[in-house]
Structure formats: structure tokens, C-alpha cells
>>> print(open('target-v9.txt').read())   # compact mmCIF, C-alpha atoms
# COMPACT_ATOMS: atom_id res chain seq x y z
CA MET A 16 -17.10 11.43 68.30
CA PHE A 17 -15.22 8.79 66.34
CA SER A 18 -18.02 8.79 63.78
CA GLU A 19 -17.69 12.56 63.29
CA MET A 20 -13.90 12.22 62.97
CA SER A 21 -14.29 9.49 60.36
CA ILE A 22 -16.66 11.67 58.38
CA THR A 23 -14.20 14.57 58.58
CA ILE A 24 -11.33 12.39 57.38
CA ALA A 25 -13.43 10.99 54.54
CA ARG A 26 -14.41 14.50 53.47
CA ALA A 27 -10.77 15.57 53.57
CA ARG A 28 -9.82 12.63 51.41
CA ASP A 29 -12.58 13.46 48.96
CA THR A 30 -11.39 17.06 48.85
CA CYS A 31 -7.78 15.97 48.19
CA ALA A 32 -8.94 13.63 45.47
CA ALA A 33 -10.99 16.39 43.88
CA VAL A 34 -8.06 18.80 44.02
CA ALA A 35 -5.77 16.20 42.47
CA PHE A 36 -8.32 15.52 39.73
CA LEU A 37 -8.67 19.22 38.93
CA PHE A 38 -4.89 19.66 38.92
CA ASN A 39 -4.45 16.73 36.55
CA ARG A 40 -7.22 18.04 34.30
CA THR A 41 -5.67 21.51 34.26
CA MET A 42 -2.21 20.19 33.43
CA LEU A 43 -3.65 17.97 30.69
CA GLN A 44 -5.35 20.98 29.13
CA ARG A 45 -2.15 23.01 29.36
CA LEU A 46 -0.17 20.24 27.71
CA PHE A 47 -2.65 19.88 24.87
CA GLU A 48 -2.91 23.65 24.41
CA ARG A 49 0.86 23.88 24.29
CA ILE A 50 1.03 21.24 21.55
CA GLU A 51 -1.79 22.88 19.59
CA SER A 52 -0.02 26.24 19.81
CA LYS A 53 2.97 24.62 18.13
CA THR A 54 1.05 23.39 15.07
CA ASP A 55 2.71 25.90 12.76
CA GLU A 56 6.11 24.90 14.15
CA LEU A 57 5.26 21.25 13.61
CA VAL A 58 4.35 21.85 9.98
CA ALA A 59 7.41 24.02 9.40
CA LEU A 60 9.74 21.44 10.94
CA THR A 61 8.24 18.63 8.86
CA ARG A 62 8.74 20.69 5.69
CA GLU A 63 12.32 21.53 6.67
CA LEU A 64 13.14 17.86 7.19
CA ILE A 65 11.56 16.85 3.87
CA ARG A 66 13.75 19.39 2.08
CA PHE A 67 16.85 17.41 3.02
CA PRO A 68 16.99 14.79 0.22
CA THR A 69 18.26 12.00 2.47
CA VAL A 70 17.83 9.35 -0.23
CA ASN A 71 19.11 5.87 0.59
CA PRO A 72 20.79 4.41 -1.32
CA PRO A 73 23.24 6.05 -1.64
CA GLY A 74 22.82 7.99 1.63
CA ASP A 75 22.65 11.66 0.66
CA ALA A 76 22.44 14.65 3.01
CA TYR A 77 22.53 12.68 6.27
CA LEU A 78 24.81 15.11 8.11
CA PRO A 79 22.96 18.36 7.30
CA CYS A 80 19.66 16.74 8.24
CA ALA A 81 21.09 15.40 11.51
CA GLU A 82 22.63 18.79 12.29
CA HIS A 83 19.31 20.52 11.67
CA VAL A 84 17.68 18.32 14.30
CA GLY A 85 20.64 18.70 16.64
CA ARG A 86 20.76 22.50 16.44
CA ARG A 87 17.08 22.80 17.29
CA LEU A 88 17.33 20.53 20.31
CA ALA A 89 20.64 21.98 21.54
CA ALA A 90 18.96 25.41 21.64
CA ARG A 91 16.38 23.89 23.98
CA GLY A 92 18.86 22.47 26.46
CA PHE A 93 19.59 19.03 25.01
CA THR A 94 23.06 17.54 24.96
CA VAL A 95 23.70 16.51 21.35
CA GLU A 96 26.00 13.88 19.87
CA TYR A 97 26.76 13.27 16.20
CA LEU A 98 27.99 9.77 15.56
CA ARG A 99 29.30 8.35 12.30
CA ALA A 100 28.92 4.61 11.85
CA GLU A 101 32.26 4.12 10.16
CA GLY A 102 32.83 0.84 8.37
CA THR A 103 29.14 -0.08 8.11
CA PRO A 104 27.62 -1.06 4.75
CA GLY A 105 27.51 1.97 2.45
CA ASP A 106 29.64 4.22 4.68
CA THR A 107 32.18 6.14 2.61
CA ASP A 108 33.73 9.59 2.78
CA ARG A 109 31.27 10.62 0.07
CA TYR A 110 28.27 9.05 1.82
CA PRO A 111 29.08 8.92 5.55
CA ARG A 112 26.52 7.29 7.84
CA TRP A 113 25.77 10.05 10.36
CA ASN A 114 23.39 9.77 13.31
CA VAL A 115 22.24 12.30 15.89
CA ILE A 116 21.23 11.59 19.49
CA ALA A 117 19.96 14.36 21.78
CA ARG A 118 19.34 13.91 25.50
CA ILE A 119 17.89 16.13 28.21
CA GLU A 120 18.07 15.28 31.91
CA GLY A 121 15.30 16.13 34.35
CA SER A 122 15.69 17.65 37.78
CA ARG A 123 15.73 14.23 39.46
CA PRO A 124 16.90 10.75 38.47
CA GLY A 125 14.42 8.47 36.78
CA PRO A 126 13.79 6.35 33.70
CA CYS A 127 14.65 7.42 30.15
CA VAL A 128 12.17 7.58 27.27
CA HIS A 129 13.73 7.49 23.81
CA PHE A 130 12.08 8.49 20.51
CA ASN A 131 13.90 7.01 17.54
CA SER A 132 13.24 8.05 13.93
CA HIS A 133 15.18 7.23 10.80
CA ILE A 134 16.15 10.21 8.65
CA ASP A 135 16.73 8.29 5.42
CA VAL A 136 14.09 7.98 2.71
CA VAL A 137 13.74 5.91 -0.44
CA GLU A 138 14.13 7.39 -3.92
CA ALA A 139 11.32 9.62 -5.10
CA GLY A 140 10.54 7.69 -8.28
CA SER A 141 8.06 8.99 -10.84
CA GLY A 142 4.38 9.88 -10.75
CA TRP A 143 4.47 12.88 -8.42
CA SER A 144 2.12 15.84 -8.82
CA VAL A 145 4.30 17.97 -6.50
CA ASP A 146 8.03 18.40 -5.95
CA PRO A 147 8.92 15.42 -3.70
CA PHE A 148 11.49 17.45 -1.76
CA GLU A 149 9.60 20.73 -1.35
CA GLY A 150 7.27 19.86 1.53
CA THR A 151 4.13 21.18 -0.15
CA VAL A 152 1.22 21.98 2.18
CA ARG A 153 -2.22 21.39 0.71
CA ASP A 154 -5.65 20.48 2.09
CA GLY A 155 -4.39 19.87 5.63
CA ARG A 156 -1.53 17.63 4.48
CA VAL A 157 2.22 17.91 4.06
CA TYR A 158 3.40 16.22 0.88
CA GLY A 159 6.88 14.94 0.11
CA ARG A 160 9.18 11.94 0.13
CA GLY A 161 9.47 10.87 3.74
CA ALA A 162 6.46 12.94 4.86
CA CYS A 163 4.84 9.95 6.54
CA ASP A 164 7.87 7.62 6.50
CA MET A 165 8.93 9.14 8.76
CA LYS A 166 9.88 12.79 8.97
CA GLY A 167 6.38 13.70 10.12
CA GLY A 168 6.81 11.25 12.97
CA LEU A 169 10.21 12.69 13.87
CA ALA A 170 8.77 16.21 13.91
CA ALA A 171 5.81 15.09 16.05
CA SER A 172 8.12 13.47 18.61
CA ILE A 173 10.22 16.64 18.83
CA ILE A 174 7.16 18.87 19.33
CA ALA A 175 5.69 16.43 21.89
CA THR A 176 8.92 16.44 23.89
CA GLU A 177 9.35 20.22 23.76
CA ALA A 178 5.75 20.78 24.84
CA TYR A 179 6.10 18.31 27.71
CA ILE A 180 9.29 19.96 28.99
CA GLU A 181 7.73 23.41 28.75
CA THR A 182 4.63 22.24 30.65
CA PHE A 183 6.55 20.20 33.24
CA PRO A 184 9.99 21.85 33.56
CA ASP A 185 10.62 20.03 36.85
CA PHE A 186 10.23 16.56 35.30
CA SER A 187 12.14 13.51 36.54
CA GLY A 188 14.23 11.15 34.43
CA ALA A 189 15.49 11.80 30.92
CA ILE A 190 14.19 12.08 27.37
CA GLU A 191 16.15 11.25 24.24
CA ILE A 192 15.46 11.90 20.56
CA SER A 193 17.48 10.30 17.78
CA GLY A 194 17.63 10.66 14.01
CA THR A 195 19.35 7.61 12.59
CA ALA A 196 20.66 6.38 9.27
CA ASP A 197 19.91 3.55 6.89
CA GLU A 198 16.67 2.08 8.24
CA GLU A 199 15.45 1.69 4.67
CA SER A 200 18.41 -0.58 3.89
CA GLY A 201 18.43 -2.56 7.13
CA GLY A 202 19.52 -0.06 9.77
CA PHE A 203 23.10 -1.32 10.03
CA GLY A 204 24.59 2.18 9.83
CA GLY A 205 22.06 3.51 12.30
CA VAL A 206 20.29 1.77 15.17
CA ALA A 207 22.21 -1.51 14.80
CA TRP A 208 25.56 0.27 15.08
CA LEU A 209 24.37 2.46 17.97
CA ALA A 210 22.80 -0.48 19.81
CA GLY A 211 26.11 -2.31 19.61
CA ARG A 212 27.64 0.60 21.53
CA GLY A 213 25.05 0.71 24.31
CA TYR A 214 22.88 3.58 23.06
CA PHE A 215 19.72 1.46 23.15
CA SER A 216 20.26 -0.53 26.34
CA PRO A 217 19.52 -0.12 30.03
CA PRO A 218 20.53 1.69 32.14
CA ARG A 219 20.92 4.44 29.54
CA VAL A 220 17.46 3.88 28.00
CA ASP A 221 14.38 2.19 29.45
CA HIS A 222 11.59 2.72 26.90
CA VAL A 223 11.70 3.25 23.12
CA ILE A 224 8.98 4.62 20.83
CA ILE A 225 9.62 4.56 17.08
CA PRO A 226 7.22 6.98 15.28
CA GLU A 227 6.73 4.89 12.13
CA PRO A 228 3.56 5.65 10.10
CA LEU A 229 1.13 3.10 11.46
CA ASN A 230 -1.88 5.36 12.19
CA LYS A 231 -2.47 7.53 15.24
CA ASP A 232 -4.81 5.09 17.01
CA ARG A 233 -2.76 1.92 16.56
CA ILE A 234 0.15 0.44 18.49
CA CYS A 235 2.59 -1.69 16.54
CA LEU A 236 4.03 -4.41 18.76
CA GLY A 237 6.53 -5.78 16.24
CA HIS A 238 6.91 -7.19 12.76
CA ARG A 239 7.15 -10.27 10.58
CA GLY A 240 10.47 -11.99 10.03
CA VAL A 241 12.60 -11.38 6.96
CA TRP A 242 15.24 -13.20 4.96
CA TRP A 243 16.97 -11.36 2.16
CA GLY A 244 19.05 -13.85 0.23
CA GLU A 245 20.97 -13.94 -3.03
CA ILE A 246 20.76 -17.00 -5.27
CA GLU A 247 23.41 -17.37 -7.95
CA THR A 248 23.09 -19.85 -10.79
CA LYS A 249 26.32 -20.77 -12.51
CA GLY A 250 27.11 -21.55 -16.12
CA ARG A 251 30.03 -21.55 -18.56
CA ILE A 252 30.97 -18.61 -20.78
CA ALA A 253 31.16 -19.10 -24.56
CA HIS A 254 30.68 -17.17 -27.78
CA GLY A 255 27.07 -16.11 -28.26
CA SER A 256 27.01 -17.53 -31.79
CA MET A 257 27.86 -20.95 -30.38
CA PRO A 258 25.79 -21.22 -27.18
CA PHE A 259 26.02 -25.01 -27.37
CA LEU A 260 29.67 -24.67 -26.29
CA GLY A 261 28.66 -22.88 -23.09
CA ASP A 262 26.04 -23.19 -20.40
CA CYS A 263 23.63 -20.27 -19.91
CA ALA A 264 23.28 -19.25 -16.27
CA VAL A 265 20.25 -17.10 -17.13
CA ARG A 266 18.36 -20.12 -18.42
CA HIS A 267 19.19 -21.94 -15.20
CA MET A 268 17.75 -18.97 -13.28
CA GLY A 269 14.65 -19.23 -15.45
CA ALA A 270 14.25 -22.78 -14.18
CA VAL A 271 14.51 -21.48 -10.61
CA ILE A 272 11.74 -18.94 -11.24
CA GLU A 273 9.57 -21.62 -12.85
CA ALA A 274 10.07 -23.89 -9.83
CA PHE A 275 9.17 -21.04 -7.47
CA GLU A 276 5.99 -20.39 -9.45
CA ARG A 277 5.11 -24.08 -9.49
CA GLU A 278 6.07 -25.04 -5.92
CA LEU A 279 6.93 -22.17 -3.60
CA PHE A 280 4.32 -19.49 -4.25
CA PRO A 281 1.38 -21.95 -4.09
CA ALA A 282 2.80 -23.32 -0.83
CA LEU A 283 3.02 -19.83 0.72
CA GLN A 284 -0.50 -18.76 -0.21
CA PRO A 285 -2.45 -20.73 2.46
CA ARG A 286 -0.05 -19.96 5.34
CA ARG A 287 -1.71 -17.36 7.56
CA THR A 288 -0.77 -16.02 10.95
CA THR A 289 -3.07 -15.67 13.92
CA HIS A 290 -1.23 -12.47 14.89
CA PRO A 291 -2.69 -9.03 13.94
CA VAL A 292 -0.40 -8.28 11.00
CA VAL A 293 -1.62 -5.47 8.73
CA PRO A 294 -2.68 -5.06 6.00
CA GLU A 295 -4.76 -8.19 5.49
CA GLY A 296 -2.60 -9.53 2.67
CA ALA A 297 0.45 -9.49 4.95
CA LYS A 298 -1.09 -12.09 7.24
CA ARG A 299 0.26 -14.58 4.69
CA SER A 300 3.83 -15.62 4.09
CA THR A 301 5.18 -13.73 1.10
CA MET A 302 8.20 -13.55 -1.17
CA ASN A 303 9.23 -10.81 -3.56
CA ILE A 304 11.84 -11.25 -6.30
CA ASN A 305 13.67 -8.01 -5.68
CA ALA A 306 16.19 -8.07 -8.52
CA ILE A 307 17.77 -10.27 -11.20
CA HIS A 308 21.17 -9.62 -12.77
CA GLY A 309 22.54 -11.89 -15.49
CA GLY A 310 25.28 -11.67 -18.09
CA GLN A 311 27.18 -8.47 -18.74
CA SER A 312 26.82 -5.57 -16.33
CA ASP A 313 25.15 -2.35 -17.41
CA ASP A 314 27.93 -0.01 -16.27
CA TRP A 315 29.11 0.66 -19.82
CA THR A 316 28.02 2.47 -22.96
CA GLY A 317 27.92 1.08 -26.46
CA LEU A 318 26.87 -2.33 -27.71
CA PRO A 319 27.07 -5.65 -25.83
CA ALA A 320 29.52 -8.41 -26.69
CA PRO A 321 28.19 -11.84 -27.79
CA ASN A 322 28.71 -13.97 -24.69
CA VAL A 323 26.87 -16.81 -22.99
CA PRO A 324 26.30 -15.65 -19.37
CA ASP A 325 28.24 -17.70 -16.83
CA SER A 326 26.49 -16.15 -13.82
CA CYS A 327 23.01 -14.97 -12.92
CA ARG A 328 22.02 -13.58 -9.52
CA MET A 329 18.57 -13.18 -7.98
CA VAL A 330 17.84 -11.21 -4.80
CA ILE A 331 14.83 -12.52 -2.89
CA ASP A 332 12.89 -10.82 -0.10
CA ARG A 333 11.13 -13.51 1.93
CA ARG A 334 8.79 -12.27 4.69
CA PHE A 335 7.67 -14.92 7.13
CA ILE A 336 5.05 -15.07 9.85
CA PRO A 337 5.69 -15.80 13.55
CA GLU A 338 4.48 -19.38 13.10
CA GLU A 339 7.44 -20.05 10.77
CA SER A 340 11.16 -20.21 11.56
CA LEU A 341 14.11 -18.71 9.72
CA GLU A 342 15.69 -22.15 9.53
CA GLY A 343 12.56 -23.59 7.92
CA VAL A 344 12.30 -20.70 5.44
CA LYS A 345 15.84 -21.26 4.21
CA ALA A 346 15.44 -25.03 4.11
CA GLU A 347 12.31 -24.78 1.95
CA ILE A 348 14.12 -22.80 -0.76
CA GLY A 349 17.22 -24.95 -0.43
CA ALA A 350 15.16 -28.07 -1.08
CA ILE A 351 13.79 -26.62 -4.34
CA LEU A 352 17.28 -25.76 -5.51
CA GLU A 353 18.58 -29.20 -4.62
CA ARG A 354 15.78 -30.85 -6.62
CA LEU A 355 16.77 -28.75 -9.62
CA LYS A 356 20.39 -29.72 -9.17
CA ALA A 357 19.43 -33.39 -9.19
CA SER A 358 17.12 -33.15 -12.21
CA ARG A 359 18.52 -30.44 -14.48
CA PRO A 360 21.78 -31.12 -16.39
CA GLY A 361 24.57 -28.69 -15.56
CA PHE A 362 22.59 -26.88 -12.85
CA ASP A 363 24.73 -25.48 -10.05
CA TYR A 364 24.04 -22.70 -7.58
CA SER A 365 25.06 -20.90 -4.41
CA VAL A 366 23.00 -19.07 -1.79
CA SER A 367 24.22 -16.25 0.44
CA ASP A 368 22.56 -14.19 3.16
CA ILE A 369 22.07 -10.45 2.77
CA MET A 370 20.18 -10.04 6.04
CA ALA A 371 17.93 -12.16 8.20
CA PHE A 372 15.78 -11.41 11.25
CA GLU A 373 13.28 -13.45 13.21
CA PRO A 374 9.87 -11.87 13.93
CA THR A 375 9.87 -9.35 16.79
CA LEU A 376 7.00 -8.98 19.26
CA THR A 377 6.65 -6.83 22.38
CA LYS A 378 4.22 -8.02 25.06
CA ARG A 379 0.92 -6.17 25.27
CA ASP A 380 1.37 -5.53 29.00
CA ALA A 381 4.84 -3.95 28.56
CA PRO A 382 5.14 -0.46 30.14
CA VAL A 383 5.54 1.41 26.84
CA VAL A 384 2.48 -0.35 25.38
CA THR A 385 0.41 0.51 28.46
CA ALA A 386 1.54 4.15 28.36
CA VAL A 387 0.71 4.71 24.69
CA ALA A 388 -2.58 2.82 25.03
CA GLU A 389 -3.61 5.13 27.88
CA GLY A 390 -2.79 8.13 25.71
CA ILE A 391 -4.91 6.82 22.84
CA ARG A 392 -7.83 6.12 25.17
CA SER A 393 -7.55 9.58 26.73
CA LEU A 394 -7.46 11.40 23.39
CA PHE A 395 -9.79 9.33 21.21
CA GLY A 396 -12.04 7.70 23.80
CA ARG A 397 -11.58 4.19 22.42
CA GLU A 398 -9.30 1.21 22.68
CA PRO A 399 -6.22 1.16 20.43
CA ASP A 400 -5.73 -1.45 17.77
CA TYR A 401 -2.70 -3.67 18.41
CA ILE A 402 -0.94 -4.64 15.20
CA LEU A 403 2.22 -6.11 13.70
CA SER A 404 3.99 -4.50 10.75
CA PRO A 405 4.36 -6.36 7.44
CA GLY A 406 7.95 -5.15 7.13
CA THR A 407 10.73 -4.88 9.65
CA TYR A 408 11.93 -1.65 11.19
CA ASP A 409 14.60 -0.74 13.73
CA GLN A 410 12.82 -2.41 16.68
CA LYS A 411 14.64 -5.58 15.61
CA HIS A 412 18.01 -4.03 16.50
CA VAL A 413 16.79 -2.55 19.79
CA ALA A 414 15.65 -6.03 20.87
CA ARG A 415 18.33 -8.20 19.25
CA ILE A 416 21.42 -6.11 20.00
CA GLY A 417 20.30 -3.70 22.72
CA LYS A 418 18.42 -6.40 24.64
CA LEU A 419 15.74 -3.81 25.33
CA TYR A 420 12.28 -5.26 24.81
CA ASP A 421 10.13 -2.33 25.93
CA CYS A 422 9.90 -0.94 22.40
CA ILE A 423 7.04 -0.28 19.98
CA ALA A 424 6.22 1.69 16.85
CA TYR A 425 3.66 4.47 17.17
CA GLY A 426 3.33 7.49 14.93
CA PRO A 427 1.28 9.54 12.48
CA GLY A 428 0.76 8.60 8.86
CA ILE A 429 -0.82 5.87 6.76
CA LEU A 430 1.42 2.89 6.14
CA ASP A 431 0.08 2.31 2.62
CA LEU A 432 1.40 5.74 1.54
CA ALA A 433 5.02 4.92 2.39
CA HIS A 434 7.32 4.80 -0.66
CA GLN A 435 4.45 5.92 -2.93
CA PRO A 436 4.33 9.00 -5.19
CA ASP A 437 2.54 11.95 -3.56
CA GLU A 438 3.33 10.58 -0.10
CA TRP A 439 1.75 12.75 2.59
CA VAL A 440 1.09 13.07 6.30
CA GLY A 441 -1.96 14.74 7.83
CA ILE A 442 -1.35 17.82 9.96
CA ASP A 443 -4.14 16.95 12.42
CA ASP A 444 -2.73 13.42 12.64
CA MET A 445 0.69 14.77 13.60
CA VAL A 446 -0.84 17.00 16.27
CA ASP A 447 -2.89 14.14 17.70
CA SER A 448 0.10 11.79 17.70
CA ALA A 449 2.19 14.42 19.46
CA LYS A 450 -0.46 14.57 22.19
CA VAL A 451 -0.40 10.79 22.64
CA MET A 452 3.41 10.83 22.73
CA ALA A 453 3.43 13.55 25.38
CA LEU A 454 0.95 11.59 27.51
CA ALA A 455 3.15 8.52 27.14
CA ILE A 456 6.20 10.49 28.28
CA ASN A 457 4.36 11.56 31.41
CA ARG A 458 3.14 8.04 32.18
CA LEU A 459 6.56 6.48 31.73
CA LEU A 460 8.45 9.15 33.71
CA THR A 461 5.98 9.60 36.58
CA GLY A 462 4.16 6.27 36.69
CA LYS A 463 0.87 8.18 36.61
CA ALA A 464 -1.56 9.09 33.85
CA LEU A 465 -2.84 12.59 33.13
CA ARG A 466 -6.63 12.42 32.83
>>> encode(input="target-v9.txt", output="C-alpha cells")
Amino acid sequence: MFSEMSITIARARDTCAAVAFLFNRTMLQRLFERIESKTDELVALTRELIRFPTVNPPGDAYLPCAEHVGRRLAARGFTVEYLRAEGTPGDTDRYPRWNVIARIEGSRPGPCVHFNSHIDVVEAGSGWSVDPFEGTVRDGRVYGRGACDMKGGLAASIIATEAYIETFPDFSGAIEISGTADEESGGFGGVAWLAGRGYFSPPRVDHVIIPEPLNKDRICLGHRGVWWGEIETKGRIAHGSMPFLGDCAVRHMGAVIEAFERELFPALQPRRTTHPVVPEGAKRSTMNINAIHGGQSDDWTGLPAPNVPDSCRMVIDRRFIPEESLEGVKAEIGAILERLKASRPGFDYSVSDIMAFEPTLTKRDAPVVTAVAEGIRSLFGREPDYILSPGTYDQKHVARIGKLYDCIAYGPGILDLAHQPDEWVGIDDMVDSAKVMALAINRLLTGKALR
């Protein structure tokens, strides 16, 4: 008798498991079909966002772009806030730093998943074969400045969220979507400012996904460190016909460049990280000379006056690997400058910080990593690649200021296309990324995977 009862119970359990499997499979299909049915919407939304020329600097068209996102989400039940980061670098009445955050609450309490995208883009530059702010569709791609970095990612996160809510209207927890300012110039008028006011901290937010263009089958755990510094060499002004009465600051800066070429760049070349930074060249420590300004400014018309420059400034962009420290990076450059001061007559200098951030790295077993990895496995049938970005993005502010460490970058687009002419994002890639994002939402809100 007990044996027959055990068999009956086992069969009942098998039946329940089978029903649960079929239900999950059905809901997964519905979710994917819902996203696929929104492909035209996804393309249209990406084009609409590209048409806002949110170029930074100076910070054009932030508010109309933010309002476009906000209006769409408000019509779908989200509570929307527009927040100006007054007093942050670049914020003026002409170029205000506007951000949008939209939130929708589920039917029951639970965790909050936040998708954060920056709405600013870099200048278009030259070399385009299409209008950079038209959103041209061609050969399965959407072209335009910001297409992959990262208005395609923003659009994909919006479509993923809408499809999830439509498929699971009785969901628990909360979902947020933000469009933030100034990521391209450091994020101080966007995520940094918001994080300082609790918008990226528990208990408001538990998990953050940033849809940067790092390929649809890769999870970006963090990024290299960065130090932007300004070096000024100092001289003495004099008449240009009698340079021997002055001291040319530009020549002193030339000595700095020569010392960097002789000492610093060869020292950086062999330093390689063991972490999975992409692309391959970014596994090394690097430095870019971002700008040099010496002598008279160029904010005038006419002919220059004959002066010996008494100041020359160089902006450096030093990217360092996790095995290095910010303190060591600064000390290395300081030592070169001190050697020049000791050996070169009249050499004097100053160094100031523009911005500095240590490398950021989320653990591979963090909940948001697990959730996105499951989505990639489910959709593509393979393991994701785990990578680190060569450049920083707003994850640094979520971790440093918000003290929220369950944050990654995941989104459609090819990183190498960012900031290039004829930048594009693939339509199929956006659809696939939206599916992975929707699966991640479900995993993080329910604790279960759809299979």
C-alpha cells in the first residue's frame, strides 16, 4: 500500500514539474514573441532618440530628449521625474544638465531593477556617408551618432521592460529606466549627481544594468582606472623678437613630451593585466595626450602678437590596469617632472587633477551577473564572455557614490564603432539584447529563470 502511495506521489510530482516546465516554456515564448512584435517600435524609438543632437560638450538638447523618453514611459504607467543637476560642471541656463528617471511599481513589494543609459553623445566629426542625426536605416542597421553608444541600448531596455510588463502585468518589485547626462565627459551632471542624492542606492535600487555597446553575448564587469590630469609648464613673457629675454613655456612642454617618449611610454608598453580587458591592446597601461594649449588663445580674429609664451598646458588621459594604483600612476609622472626640474634650467610646472577613478570590478557571482548570464545562455546556447571595458562608464559612480556593487554593463552594439563616423547598431542585436534584458528582469524580480 505504501509503495503504491509513493508511486502516486512521485507521479503527481512529475506531473507538477511537467506542468511548471510547460508554463515556463509558454511564458518564455510569449515574452520573446512580444519583443519581436515590437521590432518596428524599437527601430523607430532608436531613430527618434538619434534625432535629438545631444552633443556633449556643450550639452545640447538634453531636456527634449529626456522628455521624449519620459512621455513614452508615463503613458505606460511609469512615474517620471526630471532632475536638473544644477551647479555641476557645464551646467548653465543655456546648457542645463537634465536627467530623467522613470519608475513603475509592481503589484507586490520586491527588489528594483534599474536600466541606466546616458543620453549624451560626442560630436559627429567628419567622414560620414549619412546624416549623423537622421537615424538612417540600411541593411539591417540603424546609423547615426549615438546609435550604438548608446541610444540603441536605451531603446532596447525600454522595449524589454515594456514587453516584460505586458507579459507579466502582476509582477513583483519595481523597474526603473533612466536617461542621464554627461557620461561622455565624466558623468558628473548625471549619474554622479543622482547617486549623491540616493537614486542609485539601496533600498531604492538593488540591481543596475547599463546598456553600453559591449556586444550582445558579453557581460562587462567593470573598467580600467583613469586619471585625467593637466600639466602646466611655466615661463616668462617677453617680446617675440627678443626671446632671450623671456623663457618659452612651450619649449619646456616639448621637453616634457620628449621625456614621456623616452621614459614613460616604453615603461607602459610591457605592463599587461591578467583581467579580461577588451580589446587586446587595452590590456596594457596606456596614456593619451588629449590636448596641448600654449601661448595666445585662439578666441580672436586677426594676426597674433609677438610674445614668448609664459604658459603651456597639456591634458593627459592615463588609463591604468587593476594591477596598478592611482597613487603610483601619479607618482610615476611626478618623478619625470621632478627630474626635468632638477636638470633643465628654468623649468617649473604644476599638476592638477581633472578626474580620477580607480578600476571598478563587479564579482562574477553577483546577482545581476548571474541573471544576465542565464539570459545569454538561454538565448544563444553558450556561455557569455566576461570582460572589462577599456574606458570608464557610469558604473564607477554607482559603486563609488551609491555604494551599490551589483552593477554591470550589458547592451547591443560593437564597442569599436563608438565615436566613429558611420556609427551603427544592428537591429537584430537590439532585439536579442532586449530578450536577454527581459530574462534578467524576470530572474532578478522572481528569483527564478524562464527556460
>>> residues_around(input="target-v9.txt", residues="Thr176 (chain A)", least_positions_apart="5", cutoff="12 Å", atoms="only C-alpha atoms", output="ChimeraX atom specification")
/A:46,49-50,53,57,88,91-93,117-119,128-130,169-171,181-184,186,189-192,448-457
>>> residues_around(input="target-v9.txt", residues="region 199-212 of chain A", least_positions_apart="4", cutoff="8 Å", atoms="only C-alpha atoms", output="NGL selection string")
:A and (71-72 or 100-101 or 103-106 or 112-114 or 133 or 135-137 or 195 or 216 or 370 or 408-409 or 412-413 or 416-417)
>>> residues_around(input="target-v9.txt", residues="Pro399 (chain A)", least_positions_apart="4", cutoff="10 Å", atoms="all atoms listed in the file", output="compact mmCIF listing (two decimals) with C-alpha atoms, keeping the file's coordinate frame")
# COMPACT_ATOMS: atom_id res chain seq x y z
CA LYS A 231 -2.47 7.53 15.24
CA ASP A 232 -4.81 5.09 17.01
CA ARG A 233 -2.76 1.92 16.56
CA ILE A 234 0.15 0.44 18.49
CA VAL A 387 0.71 4.71 24.69
CA ALA A 388 -2.58 2.82 25.03
CA GLU A 389 -3.61 5.13 27.88
CA GLY A 390 -2.79 8.13 25.71
CA ILE A 391 -4.91 6.82 22.84
CA ARG A 392 -7.83 6.12 25.17
CA PHE A 395 -9.79 9.33 21.21
>>> closest_residue(input="target-v9.txt", among="A:Gly150, A:Pro337, A:Gly349, A:Gly194", to="Glu96 (chain A)", atoms="all atoms listed in the file")
A:Gly194
>>> residues_near_point(input="target-v9.txt", point="(3.8, 5.6, 9.4)", cutoff="9 Å", atoms="only C-alpha atoms", output="PyMOL selection string")
chain A and resi 163-165+167-168+226-231+424-433+440
>>> closest_residue(input="target-v9.txt", among="A:Ile134, A:Ala350, A:Ala90, A:Ile65", to="Leu78 (chain A)", atoms="only C-alpha atoms")
A:Ile134
>>> atom_distance(input="target-v9.txt", atom1="CA of His308 (chain A)", atom2="CA of Cys263 (chain A)")
13.1 Å
>>> closest_residue(input="target-v9.txt", among="A:Leu403, A:Leu460, A:Val344, A:Ala357", to="Arg379 (chain A)", atoms="only C-alpha atoms")
A:Leu403
>>> closest_residue(input="target-v9.txt", among="A:Ser141, A:Ser300, A:Ser132, A:Thr61", to="Pro405 (chain A)", atoms="only C-alpha atoms")
A:Ser300
>>> axis_aligned_box(input="target-v9.txt", around="region 103-119 of chain A", padding_each_side="3 Å", output="lines of an AutoDock Vina configuration file")
center_x = 25.8
center_y = 7.5
center_z = 14.1
size_x = 21.8
size_y = 23.2
size_z = 34.1
>>> atom_distance(input="target-v9.txt", atom1="CA of Ser365 (chain A)", atom2="CA of Arg251 (chain A)")
15.0 Å
>>> closest_residue(input="target-v9.txt", among="A:Phe47, A:Tyr77, A:Tyr401, A:Phe372", to="Asp197 (chain A)", atoms="all atoms listed in the file")
A:Tyr77
>>> residues_around(input="target-v9.txt", residues="Glu245 (chain A)", least_positions_apart="3", cutoff="7 Å", atoms="only C-alpha atoms", output="PyMOL selection string")
chain A and resi 328-331+366-369
